[in-house]
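As stored in my_file_8.cif (mmCIF, C-alpha atoms):
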data_input
#
loop_
_atom_site.label_atom_id
_atom_site.label_comp_id
_atom_site.auth_asym_id
_atom_site.auth_seq_id
_atom_site.Cartn_x
_atom_site.Cartn_y
_atom_site.Cartn_z
CA MET Z 630 141.18 143.41 111.07
CA ASP Z 631 144.15 144.76 113.06
CA THR Z 632 147.17 143.88 110.91
CA GLU Z 633 149.63 144.69 113.68
CA ALA Z 634 148.16 142.25 116.21
CA VAL Z 635 150.16 139.22 117.25
CA TYR Z 636 148.35 135.96 116.58
CA GLN Z 637 149.14 132.77 118.44
CA SER Z 638 146.74 130.79 116.33
CA PRO Z 639 145.98 132.44 112.99
CA SER Z 640 143.74 130.50 110.63
CA GLU Z 641 144.64 129.88 107.02
CA GLU Z 642 142.20 132.59 105.95
CA GLU Z 643 143.56 135.10 108.49
CA VAL Z 644 147.10 134.49 107.25
CA LYS Z 645 145.97 134.93 103.64
CA THR Z 646 144.10 138.15 104.43
CA LEU Z 647 146.83 139.67 106.60
CA LEU Z 648 149.61 138.88 104.14
CA THR Z 649 147.82 140.21 101.08
CA GLU Z 650 146.53 143.34 102.83
CA LYS Z 651 149.95 144.23 104.24
CA PHE Z 652 151.91 143.14 101.14
CA PRO Z 653 149.99 143.50 97.86
CA GLU Z 654 153.00 141.91 96.09
CA VAL Z 655 152.35 138.60 97.87
CA GLU Z 656 150.17 136.20 95.91
CA VAL Z 657 148.52 133.49 97.99
CA THR Z 658 148.18 130.74 95.41
CA LYS Z 659 146.37 128.16 97.53
CA THR Z 660 145.22 127.32 101.04
CA GLU Z 661 144.33 123.96 102.51
CA ALA Z 662 144.06 122.48 105.96
CA ARG Z 663 147.01 123.85 107.98
CA ARG Z 664 148.83 125.11 104.84
CA VAL Z 665 149.15 128.44 103.06
CA TYR Z 666 151.07 128.68 99.77
CA ALA Z 667 152.34 132.06 98.62
CA LYS Z 668 154.67 133.56 96.02
CA LEU Z 669 156.49 136.84 96.43
CA PRO Z 670 159.18 138.93 94.77
CA ARG Z 671 162.65 138.31 96.13
CA GLU Z 672 162.97 141.95 97.17
CA LYS Z 673 160.21 141.38 99.74
CA VAL Z 674 161.44 138.10 101.27
CA LEU Z 675 163.12 139.54 104.37
CA GLU Z 676 160.37 142.08 105.10
CA VAL Z 677 157.60 139.50 104.72
CA CYS Z 678 159.48 136.94 106.83
CA LYS Z 679 159.97 139.48 109.63
CA TYR Z 680 156.25 140.22 109.58
CA ILE Z 681 155.33 136.52 109.58
CA GLN Z 682 157.62 135.84 112.54
CA HIS Z 683 156.85 138.94 114.62
CA ASN Z 684 153.15 139.44 113.90
CA LEU Z 685 151.82 136.00 113.01
CA THR Z 686 154.02 134.04 115.47
CA PHE Z 687 155.59 131.60 113.04
CA GLU Z 688 158.42 130.56 115.34
CA HIS Z 689 160.31 128.17 113.12
CA CYS Z 690 161.87 128.10 109.68
CA SER Z 691 161.60 124.37 108.92
CA THR Z 692 163.41 124.43 105.59
CA VAL Z 693 164.93 126.67 102.95
CA ILE Z 694 165.37 124.78 99.70
CA GLY Z 695 166.24 125.46 96.11
CA VAL Z 696 164.50 124.21 92.98
CA ASP Z 697 166.23 124.30 89.60
CA TYR Z 698 163.90 125.00 86.68
CA VAL Z 699 166.84 125.41 84.27
CA ASP Z 700 165.80 128.91 83.12
CA HIS Z 701 165.44 130.14 86.74
CA MET Z 702 165.74 128.96 90.33
CA THR Z 703 163.14 129.09 93.05
CA VAL Z 704 163.80 129.38 96.77
CA VAL Z 705 161.12 127.78 98.95
CA TYR Z 706 160.70 128.54 102.65
CA HIS Z 707 158.60 126.36 104.97
CA LEU Z 708 157.60 128.37 108.04
CA SER Z 709 155.87 126.76 111.02
CA ASN Z 710 153.57 127.96 113.79
CA TYR Z 711 154.00 125.51 116.67
CA TYR Z 712 150.87 126.67 118.45
CA ASN Z 713 148.42 125.44 115.83
CA GLY Z 714 150.55 123.43 113.40
CA LEU Z 715 149.98 125.84 110.50
CA MET Z 716 152.70 126.05 107.86
CA ILE Z 717 153.34 128.76 105.27
CA GLU Z 718 155.19 127.81 102.11
CA LEU Z 719 156.74 130.95 100.62
CA SER Z 720 158.45 130.79 97.26
CA THR Z 721 160.38 133.34 95.28
CA ASP Z 722 161.86 133.06 91.79
CA LEU Z 723 165.42 134.08 90.95
CA PRO Z 724 166.63 134.68 87.40
CA ALA Z 725 169.33 132.22 86.33
CA ASP Z 726 171.82 135.06 85.84
CA ASP Z 727 171.26 136.65 89.29
CA LEU Z 728 170.90 134.04 92.04
CA HIS Z 729 170.75 136.47 94.97
CA VAL Z 730 168.15 136.76 97.73
CA GLU Z 731 168.34 138.30 101.21
CA SER Z 732 169.17 135.93 104.07
CA VAL Z 733 166.46 135.30 106.68
CA THR Z 734 168.97 134.13 109.30
CA CYS Z 735 168.42 137.36 111.24
CA VAL Z 736 164.76 136.33 111.61
CA TRP Z 737 165.21 132.60 112.30
CA GLU Z 738 168.70 131.61 113.41
CA GLY Z 739 168.00 128.04 112.28
CA ALA Z 740 167.79 129.20 108.65
CA ASN Z 741 171.58 129.55 108.78
CA TRP Z 742 172.26 125.88 107.97
CA HIS Z 743 169.42 125.61 105.44
CA GLU Z 744 170.75 128.61 103.51
CA ARG Z 745 174.31 127.29 103.60
CA GLU Z 746 173.17 123.92 102.28
CA THR Z 747 171.11 125.55 99.52
CA TYR Z 748 174.13 127.68 98.58
CA GLU Z 749 176.38 124.62 98.51
CA LEU Z 750 174.04 122.49 96.40
CA PHE Z 751 172.49 125.09 94.07
CA GLY Z 752 174.77 128.14 94.18
CA ILE Z 753 172.01 130.44 95.43
CA ILE Z 754 173.59 133.37 97.27
CA PHE Z 755 171.91 134.57 100.46
CA ASP Z 756 172.99 138.18 100.83
CA ASN Z 757 174.05 139.26 104.35
CA HIS Z 758 174.30 135.68 105.56
CA PRO Z 759 176.70 135.58 108.55
CA LYS Z 760 178.86 132.73 107.15
CA LEU Z 761 177.86 131.68 103.66
CA GLU Z 762 180.30 128.93 102.83
CA ARG Z 763 180.22 125.26 101.92
CA LEU Z 764 179.38 122.73 104.64
CA LEU Z 765 180.40 119.34 103.21
CA THR Z 766 182.12 119.77 99.89
CA PRO Z 767 185.61 121.22 99.56
CA LYS Z 768 185.86 125.00 99.30
CA THR Z 769 187.69 124.49 95.99
CA TYR Z 770 184.60 123.02 94.27
CA GLU Z 771 183.46 125.27 91.47
CA PHE Z 772 180.19 123.46 90.77
CA TYR Z 773 176.86 122.89 92.46
CA PRO Z 774 175.78 119.23 92.45
CA PHE Z 775 171.98 119.76 92.57
CA ARG Z 776 171.87 121.96 89.50
CA LYS Z 777 170.40 120.26 86.47
CA SER Z 778 173.39 121.45 84.46
CA TYR Z 779 175.75 119.42 86.69
CA LYS Z 780 176.92 116.20 85.08
CA LEU Z 781 178.54 113.37 86.99
CA ARG Z 782 181.99 112.43 85.84
CA GLY Z 783 181.74 109.75 83.17
CA SER Z 784 178.06 110.46 82.42
CA GLU Z 785 176.97 111.78 79.08
#
The structure in this file should be written as structure tokens.
Amino acid sequence: MDTEAVYQSPSEEEVKTLLTEKFPEVEVTKTEARRVYAKLPREKVLEVCKYIQHNLTFEHCSTVIGVDYVDHMTVVYHLSNYYNGLMIELSTDLPADDLHVESVTCVWEGANWHERETYELFGIIFDNHPKLERLLTPKTYEFYPFRKSYKLRGSE
């Protein structure tokens, strides 16, 4: 299989094969109709995303979200191929004491707002983001409201 070919309509199995052949660090955990689920080390996020966009024609970054597991955070990317409706869900774990991952805004411009929102709500830092700052909450806030450690005022 030519791993450098551009696919307009890759199947779930083609995506799985191409990703794991090109990036042995990527673990495809599951596939189902029109979905591929994969985990990868944070050091590979940008490189894998560039490959997915340029070589597998996933034109859109639908979401970038954070998940707080208390002892670590996970960043989840939902990447869409408009041609066939296939979506890749990439996830990468970040240690609680080092919440940094490379920005994918240079790959999908639309990731800009998703990364800013994830930063604002979880405190995950997207390195090399063009304007990583809060969107809705005041710049003086020193907390992240979607973290499990965040307590509302007056709550116990």
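With distances restricted to only C-alpha atoms, Z:Asp700 is the closest residue to Z:Asp726 from Z:Glu762, Z:Glu650, Z:Asp700, Z:Glu672.
Nearest to Z:Thr747 of all the residues Z:Asp697, Z:Glu661, Z:Glu676, Z:Glu643 is Z:Asp697, based on only C-alpha atoms.
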At a cut-off of 10 Å, using only C-alpha atoms, what residues contact stretch 768-783 of chain Z? Leave out same-chain residues fewer than 3 positions from it and give the result as a short mmCIF file (atom, residue, chain, number, x, y, z; two decimals) with C-alpha atoms, keeping the file's coordinate frame.
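Below is the file around-v5.cif, written as the result:
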data_model
loop_
_atom_site.label_atom_id
_atom_site.label_comp_id
_atom_site.auth_asym_id
_atom_site.auth_seq_id
_atom_site.Cartn_x
_atom_site.Cartn_y
_atom_site.Cartn_z
CA GLY Z 695 166.24 125.46 96.11
CA VAL Z 696 164.50 124.21 92.98
CA ASP Z 697 166.23 124.30 89.60
CA TYR Z 698 163.90 125.00 86.68
CA VAL Z 699 166.84 125.41 84.27
CA MET Z 702 165.74 128.96 90.33
CA THR Z 747 171.11 125.55 99.52
CA TYR Z 748 174.13 127.68 98.58
CA GLU Z 749 176.38 124.62 98.51
CA LEU Z 750 174.04 122.49 96.40
CA PHE Z 751 172.49 125.09 94.07
CA GLY Z 752 174.77 128.14 94.18
CA ILE Z 753 172.01 130.44 95.43
CA GLU Z 762 180.30 128.93 102.83
CA ARG Z 763 180.22 125.26 101.92
CA LEU Z 764 179.38 122.73 104.64
CA LEU Z 765 180.40 119.34 103.21
#
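Relative to atom CA of Z:Leu719, atom CA of Z:Val705 is found at 5.7 Å.
Minimum atom-to-atom distances from Z:Asn757, Z:Asn710, Z:His689, Z:Ser720 to Z:Glu738 were compared using only C-alpha atoms, and the lowest value belongs to Z:His689.
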Exercise. Exactly which residues make up the result of the PyMOL selection byres ((chain Z and resi 730) around 7) on this file, given as JSON, numbers by chain?
Worked result: {"Z": [671, 728, 729, 731, 732, 754, 755, 756]}
For this session: Calculate how many Å separate atom CA of Z:His743 from atom CA of Z:Thr692, rounding to one decimal.
Result: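 These atoms are spaced 6.1 Å apart.
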For this session: Could you tell me which residues the PyMOL selection byres ((chain Z and resi 691) around 10) grabs in this file, written as number ranges by chain?
Result: Z: 688-690, 692-694, 706-709, 716, 718, 737, 739-740, 743
Exercise. From the set Z:Pro670, Z:Pro759, Z:Pro653, Z:Pro767, which residue has the shortest atom-to-atom contact distance to Z:Leu723, counting only C-alpha atoms?
Worked result: Z:Pro670
Problem set entry | Option closest in space to Z:Lys659, from Z:Tyr712, Z:Ile717, Z:Val733, Z:Ile681 [counting all atoms listed in the file] |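 Of Z:Tyr712, Z:Ile717, Z:Val733, Z:Ile681, the one nearest Z:Lys659 is Z:Ile717, counting all atoms listed in the file.
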For this session: Kindly give the distance, in Å, that separates atom CA of Z:His683 and atom CA of Z:Glu641, rounded to a single decimal.
Result: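 It comes out at 17.0 Å.
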Exercise. Counting all atoms listed in the file, which of Z:Lys679, Z:Val736, Z:Thr721, Z:Asn741 gets nearest to Z:Glu656?
Worked result: Z:Thr721
Exercise. Which residues come within 12 Å of Z:Phe652, counting all atoms listed in the file, excluding same-chain residues fewer than 3 positions away, as a PyMOL selection string?
Worked result: chain Z and resi 632+644-649+655-657+667-670+672-674+676-678+680-681
